[in-house]
Each structure stands twice: as C-alpha cells, then as structure tokens.
Amino acid sequence: MSADATSVSELVVKLAKMIQQEKLVPDQVYSIDETGLNFKRLPQKTFSVGDSSSASGFKLKKERITVALSSNASGEHKLPLLVIGKSKKPRAFKHINVSSLPVVYRAQKSAWMDSNIFIDWFVNEFIPKVKKFLMEHKLPEKAILVLDNAGTHPRELECEDAPGIKLFFLPANVTSLIQPMDQGVIECM
C-alpha cells in the first residue's frame, strides 16, 4: 500500500546503468531477502459445523524463524537458505551436525536478522560461493547483490577478497514492487 511507484522507474534505470557499466550478465546479479516463518501458527480461519456460529479461538503462537533466500537473476545459482532461529543448538538438532544441514543455520535471541549475522553470511557464505560459481562459469569476478535498505544490512560492507562484488540497496517503499525475491520466490518457498 505504501509502495512508491514513481521512484521505481528511476531506480530501474540506475540499476540497469550499473549492470551495463560493469558489463554484467544475469548470472552476476544476485538478490537476497528475508521473511519470517511462523512454524507453529494455526490457520486463522476454519469451517464451523452444526449450530455453532463461530469456532472457539486459540491464542496465536508466535514461534518463528527467519529465512533468507538468495539467488542470481538467471536462477542458475541458488545459495543455501539462511535460517535464523533462537537457539544455538535447538533440541531438534540434538543428534545432528548443524554444518551438515542443507541450510546455513544461525541463532539470534529474537530469531531476526541482525548486522552480525548478515556480515557473517556475506563474508563466509555469499562471497566464497559466488566466487566459486563465477570461476566455474568462466565469468569475471564481478557481481552485484541487490537488497533492501534494512538497518541490518550495513551500507559500508565490502570484502577485501572480492572488490568486484558490490551491494545495491533498494530505497524504502519500493521493495514490494521490484525486490526480486518478493516477486513470487518467497511466496513459492
């Protein structure tokens, strides 16, 4: 509802110019976005039967995790999900080696993304995996990561090991219109 459609066209031109100047192909343009997943929440609507005019309510459970999805524009390189939970070692992981999971698991008290988790993901997951993908596909070590302007995404973030990998921040109130992960990717997941 609060999306700023007027600034979108300017932003698209700015991003296209940056991609053109850097001579990037869709394999080199990445995006990341986070979403909350309430894994114990019951549906808010249900069928009622017989003479009842309403179903008795339950207190909504607010147990959640955050899931971050990242991929390149071509869809050829999907990075493992970043899952953020509250516990460093959840009971469900009791007999599991967390590093063997097909996701990157991190813990934070509120199960939200924070700057430390984002920096760790960017430096230790994103950069190495993108560099490997680009090398395997014989592409220059250059890429753009498109992301929203959340305070947990530090604007000054750069990696000395990958000076060709840059961040492109979307301004407020446009992500629902042009954030690639908001165009159906998160919904399908």
# chains A, B, ... in the order shown; residues from 1 in each chain; ligands from 1
call {"tool": "residues_around", "arguments": {"residues": "A:Tyr30", "least_positions_apart": "3", "cutoff": "9 Å", "atoms": "only C-alpha atoms", "output": "PyMOL selection string"}}
result
chain A and resi 26-27+70-74+77+143-147
call {"tool": "write_last_selection", "arguments": {"atoms": "N, CA and C atoms", "output": "tab-separated table (two decimals), in the first residue's frame"}}
result
chain	number	residue	atom	x	y	z
A	26	PRO	N	23.08	-11.80	-16.29
A	26	PRO	CA	22.18	-12.21	-15.19
A	26	PRO	C	22.82	-13.16	-14.18
A	27	ASP	N	23.80	-13.96	-14.59
A	27	ASP	CA	24.48	-14.85	-13.64
A	27	ASP	C	25.25	-14.07	-12.57
A	70	SER	N	18.48	-16.34	-1.35
A	70	SER	CA	19.38	-15.62	-2.23
A	70	SER	C	19.64	-16.43	-3.49
A	71	SER	N	19.62	-15.73	-4.61
A	71	SER	CA	19.83	-16.38	-5.91
A	71	SER	C	20.33	-15.33	-6.90
A	72	ASN	N	20.87	-15.80	-8.02
A	72	ASN	CA	21.20	-14.85	-9.07
A	72	ASN	C	20.00	-14.69	-10.00
A	73	ALA	N	20.06	-13.68	-10.85
A	73	ALA	CA	18.92	-13.33	-11.71
A	73	ALA	C	18.60	-14.43	-12.72
A	74	SER	N	19.57	-15.20	-13.12
A	74	SER	CA	19.31	-16.28	-14.08
A	74	SER	C	18.66	-17.49	-13.41
A	77	HIS	N	22.12	-20.09	-9.93
A	77	HIS	CA	22.87	-20.24	-8.68
A	77	HIS	C	21.98	-19.84	-7.51
A	143	ALA	N	30.14	-8.95	-9.37
A	143	ALA	CA	28.73	-9.24	-9.14
A	143	ALA	C	28.10	-8.10	-8.35
A	144	ILE	N	26.78	-8.06	-8.41
A	144	ILE	CA	26.00	-7.10	-7.62
A	144	ILE	C	25.02	-7.89	-6.78
A	145	LEU	N	24.89	-7.51	-5.52
A	145	LEU	CA	23.88	-8.09	-4.63
A	145	LEU	C	22.83	-7.01	-4.37
A	146	VAL	N	21.61	-7.25	-4.86
A	146	VAL	CA	20.50	-6.31	-4.66
A	146	VAL	C	19.80	-6.69	-3.36
A	147	LEU	N	19.62	-5.70	-2.48
A	147	LEU	CA	19.00	-5.96	-1.19
A	147	LEU	C	18.24	-4.73	-0.70
call {"tool": "select_by_dssp", "arguments": {"residues": "stretch 88-150 of chain A", "states": "alpha helix (DSSP H)", "output": "list of chain:residue names"}}
result
A:Ser115, A:Asn116, A:Ile117, A:Phe118, A:Ile119, A:Asp120, A:Trp121, A:Ile127, A:Pro128, A:Lys129, A:Val130, A:Lys131, A:Lys132, A:Phe133, A:Leu134, A:Met135, A:Glu136
call {"tool": "write_last_selection", "arguments": {"atoms": "C-alpha atoms", "output": "PDB file, in the first residue's frame"}}
result
ATOM      1  CA  SER A 115      24.113  -6.998  11.311  1.00  0.00           C
ATOM      2  CA  ASN A 116      26.479  -9.627  12.704  1.00  0.00           C
ATOM      3  CA  ILE A 117      24.582 -12.490  11.069  1.00  0.00           C
ATOM      4  CA  PHE A 118      24.343 -10.616   7.768  1.00  0.00           C
ATOM      5  CA  ILE A 119      28.060  -9.763   7.740  1.00  0.00           C
ATOM      6  CA  ASP A 120      28.948 -13.371   8.619  1.00  0.00           C
ATOM      7  CA  TRP A 121      26.689 -14.668   5.815  1.00  0.00           C
ATOM      8  CA  ILE A 127      31.412 -14.250  -1.276  1.00  0.00           C
ATOM      9  CA  PRO A 128      33.046 -17.726  -1.428  1.00  0.00           C
ATOM     10  CA  LYS A 129      30.062 -19.356  -3.143  1.00  0.00           C
ATOM     11  CA  VAL A 130      29.680 -16.553  -5.693  1.00  0.00           C
ATOM     12  CA  LYS A 131      33.411 -16.523  -6.451  1.00  0.00           C
ATOM     13  CA  LYS A 132      33.341 -20.298  -6.985  1.00  0.00           C
ATOM     14  CA  PHE A 133      30.259 -20.075  -9.237  1.00  0.00           C
ATOM     15  CA  LEU A 134      31.775 -17.274 -11.326  1.00  0.00           C
ATOM     16  CA  MET A 135      35.059 -19.159 -11.700  1.00  0.00           C
ATOM     17  CA  GLU A 136      33.264 -22.376 -12.728  1.00  0.00           C
TER      18      GLU A 136
END
call {"tool": "atom_distance", "arguments": {"atom1": "atom CA of A:Gly164", "atom2": "atom CA of A:Lys142"}}
result
4.3 Å
call {"tool": "closest_residue", "arguments": {"among": "A:Gln28, A:Gln20, A:Ala111, A:Phe169", "to": "A:Glu76", "atoms": "only C-alpha atoms"}}
result
A:Gln28
